[in-house]
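First up is the structure itself, then whatever we jot down about it.
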Amino acid sequence: MAQLSLDGMPRRLFSCTPTRLAAFEDCPRRYRMTYVDRPAPPKGPPWAHASLGVSVHNALHRWWDEPEPRRTPERAAELVRACWVREGWRDAEQSAAVRERAAAMCARYAAGLDPAAAPRAVERQVATRTEVLALHGRVDRLDERAGELVVVDYKTGRRPPEDGDARTSVALALYAFAAERMLRQRCRRVELHHLPSGRVVTAEHTDESLARHVRRAESVAVDAVAAAEGLAAGQPADVAFPPRPGPLCSWCDLRRHCPEGRAAGPELAPWAGVEYLAEASGEAAAPPPAS
Ligand code: SF4
C-alpha cells in the first residue's frame with residue numbers, strides 16, 4: 001500500500017470502512033476492543049434488530065436479482081421469509097411475528113419501486129484512496145438516474161431518519177465519494193430509505209460538502225492511529241482509548257467488558273429493539289441504534 005506522510009514521517013494509509021471510523025468517534029474503548037485488541041474480546045449475544053436488518057437487506061438484494069416479471073411485492077415478502085435470520089429472538093413466536101411484519105413492510109416498499117428501473121448495482125463494494133485513507137465499504141444500492149449515480153441506504157431501525165440525516169451522514173458521503181471516483185461517474189445524491197415508515201430523506205452533495213466529510217474522516221483516522229501508537233508506546237489502554245459512556249451503552253456488544261458502560265444504561269434483552277414490531281400491544285422498548 002502507498003506510503004504517505006502525516007507528520008513528516010512516512011506512514012501507511014489507514015485502511016477502513018465508514019463503520020470503523022464511526023466506531024472510533026462513538027467510543028474509543030469500543031473501537032479498541034473491536035479493531036485493536038487481539039484476540040478481540042467476545043461479544044454479547046446476537047441482536048434481533050440486527051437479524052431483522054440483515055434479513056431485509058438480503059431480501060431486497062435478491063429481489064433485484066429476480067427476472068423483471070418476478071419483481072413483485074408478493075415476491076419481496078417471500079424473499080424476506082426465505083432470507084429470515086433466526087438469531088436473537090425471544091422465541092419462535094416472536095421471530096415469526098416480526099418476520100411477517102417485515103415481509104409486509106418489504107412488500108409495501110417494493111410496491112413503490114419500478115421493477116424495470118434496475119439499479120446500477122446492489123450490495124456494491126466501493127473503494128478509493130485519499131492522502132490518509134484507504135477507504136472501502138459496501139453500498140446497499142447504487143441507482144443511476146439522469147446519468148448520475150445515487151447512493152441508497154436502507155434503514156430498518158425504529159426511528160425514522162430526520163431531514164438532515166442524509167446530509168450529515170459521513171458514511172453516505174464517503175460512499176458517494178468512493179463510488180464517483182471508482183466508477184468515474186458523478187455521484188452526489190445520497191438517500192436514506194426507512195422501510196418501517198416508508199420515509200425517504202435525501203441530500204445533494206457539492207464538491208465542498210464531500211471534501212468536508214473526507215477531511216473529517218481523515219481527522220478521525222489520524223486520531224485513531226495516534227491512539228494505537230500511544231497504546232503501543234505503553235500508554236494505559238483507557239488513556240489511549242477512553243470509554244465514552246452514554247445512551248448507546250445499552251446496545252453495545254462489548255458492555256460486559258466495560259464497567260462504565262454497564263453503569264451508563266440498563267441491560268437489554270437481545271430482542272428489545274424489535275418489541276415494538278413484535279406485538280402491537282407489547283411494551284415499547286427504547287429505540288436501538290440506527291441500523
Ligand atoms: S459500553 Fe459504552 S463506554 Fe463501554 S465500550 Fe461500549 S460504548 Fe463504550
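Within each chain, counting starts at residue 1; across the C-alpha cells, chains are named A, B, ... in the order shown, with ligands numbered 1 upward in that order.
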
**Asked** Given a cut-off of 7 Å, what residues near ligand 1 show up using only C-alpha atoms and all ligand atoms, put as a VMD selection string?
**Response** chain A and resid 27 to 30 243 to 246 248 to 250 252 to 255 258 260 to 262

Output file for the residues above (all heavy atoms, as a compact mmCIF listing (two decimals), in the first residue's frame):
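Okay, out_0.txt is ready:
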# COMPACT_ATOMS: atom_id res chain seq x y z
N CYS A 27 -17.03 5.74 20.45
CA CYS A 27 -16.43 5.32 21.72
C CYS A 27 -15.07 4.69 21.44
O CYS A 27 -14.98 3.56 20.93
CB CYS A 27 -17.32 4.32 22.44
SG CYS A 27 -16.53 3.68 23.94
N PRO A 28 -13.98 5.39 21.79
CA PRO A 28 -12.64 4.84 21.54
C PRO A 28 -12.41 3.48 22.21
O PRO A 28 -11.72 2.63 21.64
CB PRO A 28 -11.71 5.92 22.10
CG PRO A 28 -12.50 7.19 21.95
CD PRO A 28 -13.93 6.79 22.24
N ARG A 29 -13.00 3.27 23.40
CA ARG A 29 -12.78 1.95 24.04
C ARG A 29 -13.42 0.83 23.21
O ARG A 29 -12.83 -0.23 23.02
CB ARG A 29 -13.35 1.93 25.46
CG ARG A 29 -13.20 0.55 26.10
CD ARG A 29 -13.83 0.46 27.47
NE ARG A 29 -13.00 1.08 28.49
CZ ARG A 29 -13.39 1.26 29.75
NH1 ARG A 29 -14.61 0.88 30.11
NH2 ARG A 29 -12.59 1.82 30.63
N ARG A 30 -14.63 1.07 22.75
CA ARG A 30 -15.29 0.04 21.93
C ARG A 30 -14.49 -0.21 20.65
O ARG A 30 -14.33 -1.34 20.21
CB ARG A 30 -16.72 0.48 21.59
CG ARG A 30 -17.47 -0.54 20.77
CD ARG A 30 -18.98 -0.35 20.89
NE ARG A 30 -19.46 0.91 20.37
CZ ARG A 30 -19.81 1.10 19.09
NH1 ARG A 30 -19.74 0.11 18.24
NH2 ARG A 30 -20.22 2.27 18.69
N PRO A 243 -13.16 5.31 27.51
CA PRO A 243 -14.58 4.97 27.30
C PRO A 243 -15.40 6.24 27.10
O PRO A 243 -15.01 7.30 27.58
CB PRO A 243 -14.96 4.26 28.60
CG PRO A 243 -14.03 4.83 29.63
CD PRO A 243 -12.74 5.14 28.91
N ARG A 244 -16.47 6.11 26.39
CA ARG A 244 -17.36 7.26 26.21
C ARG A 244 -18.79 6.81 26.54
O ARG A 244 -19.61 6.55 25.65
CB ARG A 244 -17.27 7.78 24.78
CG ARG A 244 -17.84 9.18 24.60
CD ARG A 244 -17.39 9.79 23.29
NE ARG A 244 -15.99 10.13 23.28
CZ ARG A 244 -15.24 10.27 22.18
NH1 ARG A 244 -15.79 10.08 21.00
NH2 ARG A 244 -13.97 10.59 22.26
N PRO A 245 -19.09 6.65 27.84
CA PRO A 245 -20.40 6.11 28.21
C PRO A 245 -21.53 7.04 27.81
O PRO A 245 -21.37 8.27 27.82
CB PRO A 245 -20.31 5.97 29.74
CG PRO A 245 -19.02 6.54 30.17
CD PRO A 245 -18.23 6.97 28.98
N GLY A 246 -22.65 6.43 27.46
CA GLY A 246 -23.82 7.21 27.05
C GLY A 246 -24.99 6.29 26.77
O GLY A 246 -24.93 5.09 27.07
N LEU A 248 -25.96 4.84 24.16
CA LEU A 248 -25.71 3.69 23.29
C LEU A 248 -25.11 2.50 24.03
O LEU A 248 -25.04 1.40 23.49
CB LEU A 248 -24.78 4.09 22.13
CG LEU A 248 -25.40 5.01 21.07
CD1 LEU A 248 -24.38 5.31 19.98
CD2 LEU A 248 -26.64 4.36 20.46
N CYS A 249 -24.66 2.73 25.27
CA CYS A 249 -24.02 1.62 26.01
C CYS A 249 -24.97 0.44 26.20
O CYS A 249 -24.52 -0.70 26.28
CB CYS A 249 -23.50 2.11 27.35
SG CYS A 249 -22.11 3.26 27.19
N SER A 250 -26.26 0.71 26.31
CA SER A 250 -27.20 -0.41 26.47
C SER A 250 -27.20 -1.31 25.25
O SER A 250 -27.62 -2.47 25.32
CB SER A 250 -28.61 0.12 26.72
OG SER A 250 -28.72 0.63 28.03
N CYS A 252 -24.42 -1.79 23.32
CA CYS A 252 -23.03 -2.10 22.95
C CYS A 252 -22.76 -3.59 23.13
O CYS A 252 -23.03 -4.16 24.19
CB CYS A 252 -22.08 -1.28 23.82
SG CYS A 252 -20.34 -1.67 23.53
N ASP A 253 -22.18 -4.19 22.10
CA ASP A 253 -21.84 -5.62 22.13
C ASP A 253 -20.77 -5.96 23.15
O ASP A 253 -20.57 -7.12 23.46
CB ASP A 253 -21.31 -6.05 20.75
CG ASP A 253 -22.42 -6.20 19.73
OD1 ASP A 253 -23.52 -6.58 20.14
OD2 ASP A 253 -22.17 -5.92 18.55
N LEU A 254 -20.05 -4.93 23.63
CA LEU A 254 -18.89 -5.19 24.47
C LEU A 254 -19.08 -4.68 25.89
O LEU A 254 -18.11 -4.60 26.66
CB LEU A 254 -17.65 -4.56 23.81
CG LEU A 254 -17.30 -5.23 22.47
CD1 LEU A 254 -16.45 -4.33 21.60
CD2 LEU A 254 -16.60 -6.55 22.72
N ARG A 255 -20.29 -4.35 26.27
CA ARG A 255 -20.51 -3.74 27.59
C ARG A 255 -20.14 -4.69 28.73
O ARG A 255 -19.82 -4.26 29.82
CB ARG A 255 -21.94 -3.24 27.74
CG ARG A 255 -23.00 -4.27 27.60
CD ARG A 255 -24.40 -3.67 27.72
NE ARG A 255 -24.90 -3.76 29.08
CZ ARG A 255 -25.32 -2.72 29.78
NH1 ARG A 255 -25.28 -1.51 29.26
NH2 ARG A 255 -25.77 -2.88 31.00
N CYS A 258 -16.97 -3.65 30.20
CA CYS A 258 -16.86 -2.21 30.38
C CYS A 258 -17.70 -1.74 31.57
O CYS A 258 -18.91 -1.54 31.44
CB CYS A 258 -17.32 -1.52 29.09
SG CYS A 258 -17.30 0.26 29.18
N GLU A 260 -17.90 1.13 33.10
CA GLU A 260 -18.53 2.45 32.91
C GLU A 260 -19.77 2.33 32.03
O GLU A 260 -20.78 3.01 32.25
CB GLU A 260 -17.53 3.43 32.26
CG GLU A 260 -16.36 3.80 33.14
CD GLU A 260 -15.17 2.84 32.97
OE1 GLU A 260 -15.37 1.70 32.50
OE2 GLU A 260 -14.05 3.24 33.33
N GLY A 261 -19.69 1.50 31.01
CA GLY A 261 -20.83 1.32 30.11
C GLY A 261 -21.99 0.63 30.81
O GLY A 261 -23.16 0.99 30.59
N ARG A 262 -21.68 -0.36 31.66
CA ARG A 262 -22.75 -1.06 32.37
C ARG A 262 -23.46 -0.10 33.33
O ARG A 262 -24.66 -0.21 33.55
CB ARG A 262 -22.21 -2.27 33.12
CG ARG A 262 -21.82 -3.41 32.18
CD ARG A 262 -21.72 -4.73 32.93
NE ARG A 262 -20.74 -4.68 34.01
CZ ARG A 262 -19.42 -4.83 33.88
NH1 ARG A 262 -18.93 -5.03 32.66
NH2 ARG A 262 -18.62 -4.78 34.91

Per residue of segment 89-158 of chain A within 10 Å of segment 213-234 of chain A, record the nearest atom pair and its distance in Å to one decimal, counting only C-alpha atoms, with rows in chain order and ascending residue number, as JSON lines.
{"residue": "A:Thr130", "atom": "CA", "partner": "A:Val214", "partner_atom": "CA", "distance": 8.4}
{"residue": "A:Glu131", "atom": "CA", "partner": "A:Glu218", "partner_atom": "CA", "distance": 8.5}
{"residue": "A:Val132", "atom": "CA", "partner": "A:Glu218", "partner_atom": "CA", "distance": 6.0}
{"residue": "A:Leu133", "atom": "CA", "partner": "A:Glu218", "partner_atom": "CA", "distance": 6.6}
{"residue": "A:Leu135", "atom": "CA", "partner": "A:Ala217", "partner_atom": "CA", "distance": 9.8}

Output for the residues just chosen: N, CA and C atoms as an mmCIF file, in the first residue's frame:
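Final output, again_33.cif:
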data_model
loop_
_atom_site.group_PDB
_atom_site.id
_atom_site.type_symbol
_atom_site.label_atom_id
_atom_site.label_comp_id
_atom_site.auth_asym_id
_atom_site.auth_seq_id
_atom_site.Cartn_x
_atom_site.Cartn_y
_atom_site.Cartn_z
ATOM 1 N N THR A 130 -7.390 8.335 -0.305
ATOM 2 C CA THR A 130 -7.077 9.753 -0.176
ATOM 3 C C THR A 130 -5.623 9.831 0.294
ATOM 4 N N GLU A 131 -5.197 10.999 0.718
ATOM 5 C CA GLU A 131 -3.818 11.101 1.200
ATOM 6 C C GLU A 131 -3.623 10.340 2.504
ATOM 7 N N VAL A 132 -4.719 10.044 3.195
ATOM 8 C CA VAL A 132 -4.640 9.403 4.514
ATOM 9 C C VAL A 132 -5.321 8.037 4.538
ATOM 10 N N LEU A 133 -6.415 7.917 3.782
ATOM 11 C CA LEU A 133 -7.301 6.761 3.916
ATOM 12 C C LEU A 133 -7.200 5.811 2.731
ATOM 13 N N LEU A 135 -10.004 3.653 1.743
ATOM 14 C CA LEU A 135 -11.387 3.571 2.165
ATOM 15 C C LEU A 135 -12.115 2.500 1.366
#

**Item:** Sel. of helix (DSSP H, G or I) residues, segment 35-279 of chain A, as a count of residues only
**Value:** 122

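In terms of minimum interatomic distance to Ala278 of chain A, A:Ala92 ranks closest within A:Ala82, A:Gly53, A:Pro73, A:Ala92, counting only C-alpha atoms.
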
**Asked** Arg212 of chain A: which residues within 10 Å, counting only C-alpha atoms, same-chain residues fewer than 6 positions away excluded, as a ChimeraX atom specification?
**Response** /A:170,173,206,218

**Request:** Could you check which of A:Asp238, A:Glu180, A:Asp163, A:Asp26 is closest to Thr128 of chain A, using only C-alpha atoms?
**Result:** A:Glu180

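Each of A:Trp251, A:Tyr154, A:Trp63, A:Trp84 was compared to Asp114 of chain A using only C-alpha atoms, and A:Trp63 turns out to be the nearest.
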